[in-house]
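Data file: protein-v3.pdb. Format and content: PDB, C-alpha atoms.
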ATOM      1  CA  MET A  18     -61.465   7.601-141.264
ATOM      2  CA  ALA A  19     -60.450   4.134-140.149
ATOM      3  CA  PRO A  20     -57.177   2.194-140.074
ATOM      4  CA  LEU A  21     -57.220  -0.362-142.883
ATOM      5  CA  LYS A  22     -57.149  -3.319-140.474
ATOM      6  CA  TYR A  23     -60.643  -2.401-139.247
ATOM      7  CA  LEU A  24     -62.101  -2.544-142.759
ATOM      8  CA  GLU A  25     -61.215  -6.153-143.668
ATOM      9  CA  GLN A  26     -64.208  -7.752-141.946
ATOM     10  CA  GLU A  27     -66.690  -5.672-143.923
ATOM     11  CA  TYR A  28     -64.588  -5.527-147.121
ATOM     12  CA  PRO A  29     -62.711  -8.852-147.628
ATOM     13  CA  ILE A  30     -60.833  -7.405-150.615
ATOM     14  CA  LEU A  31     -58.816  -5.381-148.064
ATOM     15  CA  ASP A  32     -57.123  -8.530-146.765
ATOM     16  CA  SER A  33     -53.720  -9.008-145.141
ATOM     17  CA  ASN A  34     -52.018  -9.084-148.551
ATOM     18  CA  PHE A  35     -53.469  -5.667-149.427
ATOM     19  CA  GLN A  36     -52.620  -4.298-145.970
ATOM     20  CA  ASN A  37     -49.024  -5.547-146.235
ATOM     21  CA  PHE A  38     -48.686  -3.973-149.691
ATOM     22  CA  CYS A  39     -49.955  -0.655-148.330
ATOM     23  CA  ALA A  40     -47.708  -0.903-145.258
ATOM     24  CA  THR A  41     -44.596  -1.135-147.469
ATOM     25  CA  HIS A  42     -45.583   2.307-148.778
ATOM     26  CA  GLY A  43     -46.317   3.780-145.344
ATOM     27  CA  ILE A  44     -50.088   3.474-145.754
ATOM     28  CA  PHE A  45     -51.970   2.251-142.683
ATOM     29  CA  SER A  46     -55.236   4.175-142.896
ATOM     30  CA  GLU A  47     -57.643   5.771-145.339
ATOM     31  CA  GLU A  48     -56.073   9.185-144.814
ATOM     32  CA  ASP A  49     -52.584   7.781-145.538
ATOM     33  CA  LEU A  50     -53.849   6.540-148.904
ATOM     34  CA  LEU A  51     -55.312   9.961-149.724
ATOM     35  CA  LEU A  52     -51.939  11.587-149.024
ATOM     36  CA  HIS A  53     -50.157   9.170-151.352
ATOM     37  CA  ASP A  54     -49.678   9.688-155.093
ATOM     38  CA  LEU A  55     -52.322   7.255-156.387
ATOM     39  CA  HIS A  56     -50.754   6.959-159.867
ATOM     40  CA  VAL A  57     -47.462   5.883-158.300
ATOM     41  CA  LEU A  58     -49.255   3.461-155.968
ATOM     42  CA  VAL A  59     -51.178   1.847-158.842
ATOM     43  CA  ALA A  60     -47.924   1.552-160.809
ATOM     44  CA  PHE A  61     -46.336  -0.349-157.905
ATOM     45  CA  ALA A  62     -49.443  -2.545-157.638
ATOM     46  CA  GLU A  63     -49.167  -3.491-161.320
ATOM     47  CA  GLN A  64     -45.708  -4.936-160.636
ATOM     48  CA  GLN A  65     -47.154  -7.459-158.164
ATOM     49  CA  SER A  66     -48.475 -10.939-159.001
ATOM     50  CA  THR A  67     -51.816  -9.995-157.403
ATOM     51  CA  SER A  68     -52.005  -6.659-159.254
ATOM     52  CA  GLU A  69     -55.703  -6.844-160.171
ATOM     53  CA  ARG A  70     -56.761  -7.618-156.606
ATOM     54  CA  LEU A  71     -54.532  -4.847-155.224
ATOM     55  CA  LYS A  72     -56.013  -2.303-157.667
ATOM     56  CA  GLN A  73     -59.504  -3.437-156.680
ATOM     57  CA  GLY A  74     -58.515  -2.838-153.055
ATOM     58  CA  ILE A  75     -57.333   0.709-153.830
ATOM     59  CA  THR A  76     -60.619   1.393-155.645
ATOM     60  CA  GLN A  77     -62.570  -0.021-152.690
ATOM     61  CA  VAL A  78     -60.827   2.295-150.176
ATOM     62  CA  LEU A  79     -61.513   5.317-152.395
ATOM     63  CA  SER A  80     -65.160   4.257-152.626
ATOM     64  CA  ILE A  81     -65.387   3.988-148.814
ATOM     65  CA  ILE A  82     -63.914   7.474-148.425
ATOM     66  CA  ASP A  83     -66.309   8.892-151.022
ATOM     67  CA  GLY A  84     -69.256   7.351-149.163
ATOM     68  CA  GLN A  85     -68.287   9.156-145.963
ATOM     69  CA  HIS A  86     -68.995  12.598-147.423
ATOM     70  CA  GLN A  87     -72.078  14.210-145.948
ATOM     71  CA  PRO A  88     -74.904  14.590-148.510
ATOM     72  CA  TRP A  89     -76.049  18.023-149.651
ATOM     73  CA  LEU A  90     -78.973  19.284-147.543
ATOM     74  CA  ASN A  91     -81.383  22.096-148.342
ATOM     75  CA  GLY A  92     -82.463  24.677-145.762
ATOM     76  CA  MET A  93     -85.561  22.777-144.627
ATOM     77  CA  GLU A  94     -83.601  19.538-144.230
ATOM     78  CA  LEU A  95     -81.023  21.356-142.123
ATOM     79  CA  LEU A  96     -83.776  22.829-139.940
ATOM     80  CA  GLU A  97     -85.405  19.425-139.464
ATOM     81  CA  ASP A  98     -82.040  17.878-138.581
ATOM     82  CA  ALA A  99     -81.384  20.617-136.011
ATOM     83  CA  GLN A 100     -84.793  20.043-134.411
ATOM     84  CA  LEU A 101     -84.723  16.239-134.503
ATOM     85  CA  ASN A 102     -83.366  14.841-131.207
ATOM     86  CA  LYS A 103     -80.823  17.656-130.914
ATOM     87  CA  HIS A 104     -81.622  18.338-127.269
ATOM     88  CA  VAL A 105     -79.267  19.692-124.617
ATOM     89  CA  LEU A 106     -77.625  18.018-121.647
ATOM     90  CA  SER A 107     -77.062  20.019-118.502
ATOM     91  CA  THR A 108     -73.428  20.234-117.420
ATOM     92  CA  GLY A 109     -74.438  20.510-113.765
ATOM     93  CA  CYS A 110     -72.888  23.987-113.719
ATOM     94  CA  GLU A 111     -75.564  26.664-113.561
ATOM     95  CA  GLY A 112     -73.402  29.430-115.052
ATOM     96  CA  ILE A 113     -72.421  27.418-118.124
ATOM     97  CA  ASP A 114     -75.950  26.052-118.620
ATOM     98  CA  LEU A 115     -77.434  29.572-118.494
ATOM     99  CA  LEU A 116     -74.821  30.840-120.950
ATOM    100  CA  LEU A 117     -75.582  27.993-123.374
ATOM    101  CA  GLU A 118     -79.361  28.262-122.877
ATOM    102  CA  GLY A 119     -79.692  24.865-121.237
ATOM    103  CA  GLY A 120     -76.391  23.074-121.632
ATOM    104  CA  LEU A 121     -74.334  21.131-124.155
ATOM    105  CA  ARG A 122     -76.147  20.416-127.396
ATOM    106  CA  MET A 123     -76.445  16.802-128.486
ATOM    107  CA  GLY A 124     -75.160  16.049-131.966
ATOM    108  CA  GLN A 125     -72.414  18.674-131.640
ATOM    109  CA  LEU A 126     -68.720  18.869-130.752
ATOM    110  CA  THR A 127     -68.024  21.385-127.970
ATOM    111  CA  GLU A 128     -64.493  22.471-127.075
ATOM    112  CA  LEU A 129     -63.317  23.905-123.744
ATOM    113  CA  VAL A 130     -60.219  26.073-124.197
ATOM    114  CA  GLY A 131     -58.114  27.338-121.317
ATOM    115  CA  ALA A 132     -54.759  27.488-119.597
ATOM    116  CA  SER A 133     -53.708  25.033-116.925
ATOM    117  CA  SER A 134     -55.978  25.195-113.835
ATOM    118  CA  SER A 135     -58.682  27.089-115.741
ATOM    119  CA  GLY A 136     -61.303  24.488-114.819
ATOM    120  CA  LYS A 137     -61.445  22.404-118.020
ATOM    121  CA  THR A 138     -61.119  19.012-116.334
ATOM    122  CA  GLN A 139     -63.365  20.054-113.447
ATOM    123  CA  VAL A 140     -66.147  20.941-115.906
ATOM    124  CA  CYS A 141     -65.627  17.589-117.672
ATOM    125  CA  LEU A 142     -65.885  15.686-114.377
ATOM    126  CA  LEU A 143     -68.941  17.691-113.315
ATOM    127  CA  ALA A 144     -70.653  17.040-116.663
ATOM    128  CA  THR A 145     -69.744  13.345-116.357
ATOM    129  CA  SER A 146     -71.381  13.053-112.931
ATOM    130  CA  ASN A 147     -74.446  15.046-113.990
ATOM    131  CA  VAL A 148     -75.121  13.079-117.178
ATOM    132  CA  ALA A 149     -74.626   9.725-115.443
ATOM    133  CA  LYS A 150     -76.781  10.733-112.469
ATOM    134  CA  LYS A 151     -79.574  12.980-113.730
ATOM    135  CA  HIS A 152     -79.812  11.953-117.378
ATOM    136  CA  MET A 153     -79.152   8.271-116.599
ATOM    137  CA  GLY A 154     -76.917   8.072-119.657
ATOM    138  CA  GLY A 155     -73.610   6.405-120.363
ATOM    139  CA  VAL A 156     -70.405   8.453-120.423
ATOM    140  CA  VAL A 157     -67.201   7.519-122.256
ATOM    141  CA  TYR A 158     -64.215   9.466-120.899
ATOM    142  CA  LEU A 159     -60.909   9.388-122.786
ATOM    143  CA  ASP A 160     -58.249  10.478-120.300
ATOM    144  CA  THR A 161     -54.968  11.566-121.903
ATOM    145  CA  GLY A 162     -53.149  12.824-118.803
ATOM    146  CA  ASN A 163     -54.269  10.728-115.827
ATOM    147  CA  SER A 164     -56.612  13.527-114.789
ATOM    148  CA  PHE A 165     -59.797  11.479-114.368
ATOM    149  CA  SER A 166     -60.699  11.342-110.665
ATOM    150  CA  PRO A 167     -63.373   8.834-109.585
ATOM    151  CA  GLN A 168     -63.426  10.424-106.132
ATOM    152  CA  ARG A 169     -64.108  13.866-107.605
ATOM    153  CA  VAL A 170     -66.986  12.419-109.646
ATOM    154  CA  ILE A 171     -68.403  10.827-106.472
ATOM    155  CA  ASP A 172     -68.116  14.183-104.666
ATOM    156  CA  PHE A 173     -70.113  15.846-107.448
ATOM    157  CA  ILE A 174     -72.733  13.092-107.364
ATOM    158  CA  ARG A 175     -73.164  13.546-103.621
ATOM    159  CA  GLN A 176     -73.647  17.309-103.909
ATOM    160  CA  ASN A 177     -77.261  18.342-103.371
ATOM    161  CA  SER A 178     -78.328  14.731-102.906
ATOM    162  CA  ASP A 179     -81.981  14.303-102.052
ATOM    163  CA  PRO A 180     -83.121  12.134 -99.098
ATOM    164  CA  ALA A 181     -83.824   9.141-101.339
ATOM    165  CA  ILE A 182     -80.197   9.151-102.465
ATOM    166  CA  ASP A 183     -78.965   9.521 -98.891
ATOM    167  CA  GLN A 184     -81.008   6.488 -97.840
ATOM    168  CA  ALA A 185     -79.680   4.300-100.622
ATOM    169  CA  LYS A 186     -76.336   6.018-101.102
ATOM    170  CA  HIS A 187     -74.161   3.025-101.914
ATOM    171  CA  ARG A 188     -76.617   1.478-104.364
ATOM    172  CA  ILE A 189     -77.167   4.765-106.209
ATOM    173  CA  LEU A 190     -73.453   5.546-106.373
ATOM    174  CA  GLN A 191     -72.679   2.112-107.740
ATOM    175  CA  LYS A 192     -75.368   2.436-110.402
ATOM    176  CA  VAL A 193     -74.186   5.893-111.486
ATOM    177  CA  MET A 194     -70.488   4.993-111.519
ATOM    178  CA  ASN A 195     -71.226   1.898-113.611
ATOM    179  CA  ARG A 196     -72.520   4.211-116.347
ATOM    180  CA  ILE A 197     -69.071   5.805-116.684
ATOM    181  CA  LEU A 198     -66.371   4.144-118.783
ATOM    182  CA  CYS A 199     -62.868   5.634-118.660
ATOM    183  CA  HIS A 200     -60.055   4.801-121.093
ATOM    184  CA  SER A 201     -56.459   5.954-120.659
ATOM    185  CA  VAL A 202     -55.327   7.160-124.089
ATOM    186  CA  PHE A 203     -51.822   8.532-124.649
ATOM    187  CA  ASP A 204     -51.510   8.791-128.454
ATOM    188  CA  ILE A 205     -53.811   9.588-131.338
ATOM    189  CA  PHE A 206     -53.637   6.087-132.815
ATOM    190  CA  THR A 207     -54.933   4.547-129.594
ATOM    191  CA  MET A 208     -57.716   7.141-129.648
ATOM    192  CA  PHE A 209     -58.675   6.047-133.171
ATOM    193  CA  ASP A 210     -58.766   2.419-131.964
ATOM    194  CA  VAL A 211     -61.027   3.315-129.029
ATOM    195  CA  LEU A 212     -63.338   5.509-131.118
ATOM    196  CA  HIS A 213     -63.781   2.925-133.853
ATOM    197  CA  GLN A 214     -64.603   0.285-131.242
ATOM    198  CA  LEU A 215     -67.037   2.750-129.659
ATOM    199  CA  GLU A 216     -68.691   3.224-133.057
ATOM    200  CA  VAL A 217     -69.240  -0.542-133.302
ATOM    201  CA  ASN A 218     -70.594  -0.642-129.743
ATOM    202  CA  LEU A 219     -72.971   2.257-130.378
ATOM    203  CA  ARG A 220     -74.491   0.476-133.356
ATOM    204  CA  SER A 221     -74.931  -2.649-131.227
ATOM    205  CA  GLN A 222     -76.367  -0.553-128.378
ATOM    206  CA  MET A 223     -79.066   0.838-130.684
ATOM    207  CA  GLN A 224     -80.089  -2.685-131.704
ATOM    208  CA  LYS A 225     -80.128  -4.115-128.164
ATOM    209  CA  GLY A 226     -81.633  -1.114-126.382
ATOM    210  CA  ASP A 227     -78.808  -0.979-123.806
ATOM    211  CA  CYS A 228     -78.023   2.018-121.575
ATOM    212  CA  GLN A 229     -77.501   4.796-124.105
ATOM    213  CA  VAL A 230     -74.171   6.606-124.277
ATOM    214  CA  ARG A 231     -74.954  10.317-124.206
ATOM    215  CA  LEU A 232     -71.595  11.959-123.534
ATOM    216  CA  LEU A 233     -68.117  11.399-125.021
ATOM    217  CA  ILE A 234     -65.225  13.343-123.486
ATOM    218  CA  VAL A 235     -61.630  13.689-124.714
ATOM    219  CA  ASP A 236     -59.531  15.404-122.038
ATOM    220  CA  SER A 237     -57.448  16.648-123.729
ATOM    221  CA  ILE A 238     -57.489  16.536-127.522
ATOM    222  CA  SER A 239     -54.437  18.828-127.729
ATOM    223  CA  SER A 240     -52.290  16.346-125.770
ATOM    224  CA  LEU A 241     -52.875  13.799-128.523
ATOM    225  CA  VAL A 242     -52.672  16.070-131.564
ATOM    226  CA  THR A 243     -49.771  18.410-130.697
ATOM    227  CA  PRO A 244     -47.064  15.674-130.889
ATOM    228  CA  ILE A 245     -48.032  14.757-134.483
ATOM    229  CA  LEU A 246     -48.040  18.334-135.833
ATOM    230  CA  GLY A 247     -44.266  18.805-135.755
ATOM    231  CA  GLY A 248     -42.203  18.823-138.919
ATOM    232  CA  GLY A 249     -43.026  20.080-142.365
ATOM    233  CA  GLY A 250     -45.191  17.167-143.518
ATOM    234  CA  SER A 251     -48.946  17.214-143.922
ATOM    235  CA  GLN A 252     -49.668  13.837-142.307
ATOM    236  CA  GLY A 253     -50.112  15.312-138.816
ATOM    237  CA  HIS A 254     -52.710  17.800-140.033
ATOM    238  CA  ALA A 255     -54.483  15.044-141.964
ATOM    239  CA  LEU A 256     -54.680  12.904-138.816
ATOM    240  CA  MET A 257     -55.976  15.890-136.838
ATOM    241  CA  ALA A 258     -58.681  16.516-139.444
ATOM    242  CA  SER A 259     -59.592  12.818-139.390
ATOM    243  CA  ALA A 260     -59.899  12.874-135.604
ATOM    244  CA  GLY A 261     -62.208  15.881-135.810
ATOM    245  CA  PHE A 262     -64.260  14.254-138.565
ATOM    246  CA  LEU A 263     -64.695  11.041-136.555
ATOM    247  CA  LEU A 264     -65.700  12.879-133.364
ATOM    248  CA  LYS A 265     -68.298  14.955-135.252
ATOM    249  CA  LYS A 266     -69.543  11.861-137.073
ATOM    250  CA  LEU A 267     -70.108  10.054-133.756
ATOM    251  CA  ALA A 268     -71.879  13.119-132.359
ATOM    252  CA  HIS A 269     -74.173  13.504-135.367
ATOM    253  CA  GLU A 270     -75.002   9.870-136.136
ATOM    254  CA  HIS A 271     -75.523   8.774-132.523
ATOM    255  CA  ASN A 272     -76.858  12.054-131.113
ATOM    256  CA  LEU A 273     -74.047  12.374-128.558
ATOM    257  CA  VAL A 274     -72.593  15.360-126.797
ATOM    258  CA  VAL A 275     -68.884  15.315-127.630
ATOM    259  CA  LEU A 276     -66.813  17.460-125.261
ATOM    260  CA  VAL A 277     -63.072  18.005-125.773
ATOM    261  CA  THR A 278     -60.516  20.159-123.985
ATOM    262  CA  ASN A 279     -57.714  22.184-125.542
ATOM    263  CA  HIS A 280     -54.890  24.177-123.953
ATOM    264  CA  THR A 281     -53.687  27.644-124.900
ATOM    265  CA  VAL A 282     -50.413  28.884-126.408
ATOM    266  CA  GLY A 283     -48.803  32.303-126.684
ATOM    267  CA  GLY A 284     -50.069  34.544-129.445
ATOM    268  CA  GLU A 285     -49.300  38.007-130.790
ATOM    269  CA  GLY A 286     -48.658  40.643-128.161
ATOM    270  CA  GLY A 287     -48.437  37.998-125.450
ATOM    271  CA  ILE A 288     -52.167  37.248-125.711
ATOM    272  CA  SER A 289     -52.865  33.540-125.392
ATOM    273  CA  LYS A 290     -54.835  31.690-128.060
ATOM    274  CA  PRO A 291     -56.170  28.142-128.468
ATOM    275  CA  ALA A 292     -53.630  25.515-129.464
ATOM    276  CA  LEU A 293     -53.817  23.369-132.639
ATOM    277  CA  GLY A 294     -53.896  26.326-135.010
ATOM    278  CA  GLU A 295     -56.084  27.488-137.860
ATOM    279  CA  SER A 296     -56.777  24.019-139.234
ATOM    280  CA  TRP A 297     -58.500  22.907-136.030
ATOM    281  CA  LYS A 298     -60.560  25.979-135.179
ATOM    282  CA  SER A 299     -63.215  25.265-137.812
ATOM    283  CA  ILE A 300     -63.848  21.738-136.480
ATOM    284  CA  PRO A 301     -65.743  22.304-133.172
ATOM    285  CA  HIS A 302     -69.337  23.517-133.431
ATOM    286  CA  VAL A 303     -68.920  25.407-130.143
ATOM    287  CA  ARG A 304     -65.746  26.824-128.537
ATOM    288  CA  LEU A 305     -65.808  28.074-124.960
ATOM    289  CA  ARG A 306     -62.927  29.802-123.202
ATOM    290  CA  LEU A 307     -62.391  29.155-119.488
ATOM    291  CA  SER A 308     -60.302  31.068-116.975
ATOM    292  CA  HIS A 309     -59.935  31.053-113.205
ATOM    293  CA  ASP A 310     -59.694  33.912-110.726
ATOM    294  CA  GLN A 311     -56.613  32.873-108.756
ATOM    295  CA  GLY A 312     -57.152  32.485-105.036
ATOM    296  CA  SER A 313     -60.915  32.103-105.369
ATOM    297  CA  SER A 314     -63.482  29.527-106.442
ATOM    298  CA  ILE A 315     -64.746  31.784-109.244
ATOM    299  CA  TYR A 316     -64.335  30.671-112.863
ATOM    300  CA  ASN A 317     -65.115  32.579-116.058
ATOM    301  CA  VAL A 318     -66.500  31.222-119.309
ATOM    302  CA  SER A 319     -66.941  33.090-122.583
ATOM    303  CA  VAL A 320     -68.151  32.122-126.052
ATOM    304  CA  PHE A 321     -65.419  31.928-128.706
ATOM    305  CA  LYS A 322     -67.618  30.358-131.342
ATOM    306  CA  HIS A 323     -71.253  29.264-131.412
ATOM    307  CA  PRO A 324     -73.654  28.635-134.312
ATOM    308  CA  SER A 325     -76.427  30.746-132.745
ATOM    309  CA  MET A 326     -74.653  33.137-130.343
ATOM    310  CA  VAL A 327     -72.410  36.144-130.639
ATOM    311  CA  SER A 328     -68.778  35.674-129.626
ATOM    312  CA  GLY A 329     -67.811  37.317-126.362
ATOM    313  CA  LYS A 330     -70.949  36.441-124.411
ATOM    314  CA  ALA A 331     -69.721  35.505-120.945
ATOM    315  CA  ALA A 332     -70.673  34.221-117.503
ATOM    316  CA  ARG A 333     -69.107  33.344-114.156
ATOM    317  CA  PHE A 334     -69.530  30.147-112.213
ATOM    318  CA  THR A 335     -68.297  28.347-109.118
ATOM    319  CA  ILE A 336     -67.035  24.791-108.681
ATOM    320  CA  TYR A 337     -66.993  23.917-105.003
ATOM    321  CA  ASP A 338     -64.203  21.870-103.453
TER     322      ASP A 338
END
Whole structure, structure tokens version:
Amino acid sequence: MAPLKYLEQEYPILDSNFQNFCATHGIFSEEDLLLHDLHVLVAFAEQQSTSERLKQGITQVLSIIDGQHQPWLNGMELLEDAQLNKHVLSTGCEGIDLLLEGGLRMGQLTELVGASSSGKTQVCLLATSNVAKKHMGGVVYLDTGNSFSPQRVIDFIRQNSDPAIDQAKHRILQKVMNRILCHSVFDIFTMFDVLHQLEVNLRSQMQKGDCQVRLLIVDSISSLVTPILGGGGSQGHALMASAGFLLKKLAHEHNLVVLVTNHTVGGEGGISKPALGESWKSIPHVRLRLSHDQGSSIYNVSVFKHPSMVSGKAARFTIYD
């Protein structure tokens, strides 16, 4: 769901006057309006000189929200959707690809869960290099903690290079690195801005036939969401749900792999569990748990949630320095 300022161009009724009216009531986005008492809001609108136009604006936002609901699909339509262009992208990590029967599925949101140093960012960087190099696709990397390392990506690209790449190393590296776009994002509102701009760019990309974005990474989603969940209000959870909705919408409509990372927190009996709570766990299509054998290069990955696999299925893999 978009901030109201992004809707004005397509819906002129949502002009600066409407946005200013909403702002005086703490409404800056579609989800803010849903959280507000609409009867009270309409009553305030009726006190304004532009009451009819303001009420039309409220109706327009509700209509936009209603139009975002996914249509009902029967079993055959769901099967056809699953088979249509929903291919997999290799992560570049043999253990993970074998576990997932080929790699990360396009059109889905996959979450990597793990403690610090469990390999989450390393898998993201490896997948970035592999998609940009072998799949010749664009990668958008949203970096929330200054963890993106261009040098590490280059190291992965150079691994197992064939003679042709060795002979034209600089040219190949430049071409691959140009397919990767990294944004530093430190709050959820900036992430919304970047994702909505990406949505516009993806539509334009389809029309122009430009290099196709295949992978969107948010490392980490929990760094952006955790700060807004404090307090007793529901706005933080609404923003979290909106972020999940937008990421899944981008994945589905543009056939992307969306990969996000999430940290762990203490649970019952001292057993760690994924952060972001019960409200978030239903959002990813796939949840994978990562851990690292300290003092070695061995990492472990297990399935927390998968639409076609049993939970608990596991594998080991290595990420070389």
Rounded to one decimal, what separation in Å do you get between CA of Lys137 (chain A) and CA of Gly283 (chain A)?
18.2 Å
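Closest to Ile44 (chain A) among A:Leu21, A:Ile30, A:Leu129, A:Val275 is A:Leu21, based on only C-alpha atoms.
For the point (-65.8, 30.9, -122.8), the residues with at least one atom inside 10 Å, counting only C-alpha atoms, are Ile113, Leu116, Glu128, Leu129, Val130, Gly131, Val303, Arg304, Leu305, Arg306, Leu307, Ser308, Asn317, Val318, Ser319, Val320, Phe321, Lys322, Ser328, Gly329, Lys330, Ala331, Ala332 and Arg333 of chain A.
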To test your reading of the syntax: which residues would the PyMOL selection byres ((chain A and resi 282) around 10) return for the file shown? Reply as a PyMOL selection string.
chain A and resi 131-132+279-281+283-284+287-294
Do you know which residues the PyMOL selection byres ((chain A and resi 59-72) around 9) returns on this file, as a list of chain:residue names?
A:Ile30, A:Leu31, A:Asn34, A:Phe35, A:Phe38, A:Asp54, A:Leu55, A:His56, A:Val57, A:Leu58, A:Gln73, A:Gly74, A:Ile75, A:Thr76, A:Gln77
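Reported to one decimal place, the separation of CA of Gly154 (chain A) from CA of Arg231 (chain A) is 5.4 Å.
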Within 10 Å of (-82.7, 13.8, -123.0) (coordinates as in the file), grab all the protein and nucleic acid residues, counting all atoms listed in the file, and write them out as a list in words.
Asn102, Lys103, His104, Val105, Leu106, Ser107, Met123, Val148, Lys151, His152, Met153, Gly154 and Arg231 of chain A
Output of the PyMOL selection byres ((chain A and resi 165-173) around 10), listed as a ChimeraX atom specification
/A:109,138-139,141-147,149-150,158-164,174-178,190-191,193-194,197,199-201,236,336-338
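Between CA of Leu256 (chain A) and CA of Glu48 (chain A) lies a distance of 7.2 Å.
Nearest-residue note for Val211 (chain A): choosing from A:Leu264, A:Met257, A:Asp83, A:Thr243, the minimum distance belongs to A:Leu264, counting only C-alpha atoms.
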Nearest to Leu219 (chain A) among A:Gly119, A:Gly155, A:Gly261, A:Gly253, with distances taken over all atoms listed in the file: which residue is it?
A:Gly155
Taking all atoms listed in the file into account, which of A:Leu79, A:Cys110, A:Ala258, A:Met93 comes nearest Ser299 (chain A)?
A:Ala258
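Of the residues listed (A:Thr41, A:Asn91, A:Ser46, A:Thr127), A:Thr127 shows the shortest atom-to-atom separation from Pro324 (chain A); distances use only C-alpha atoms.
Nearest residue to Val235 (chain A) among A:Glu111, A:Ile205, A:Glu216, A:Lys22 is A:Ile205, counting only C-alpha atoms.
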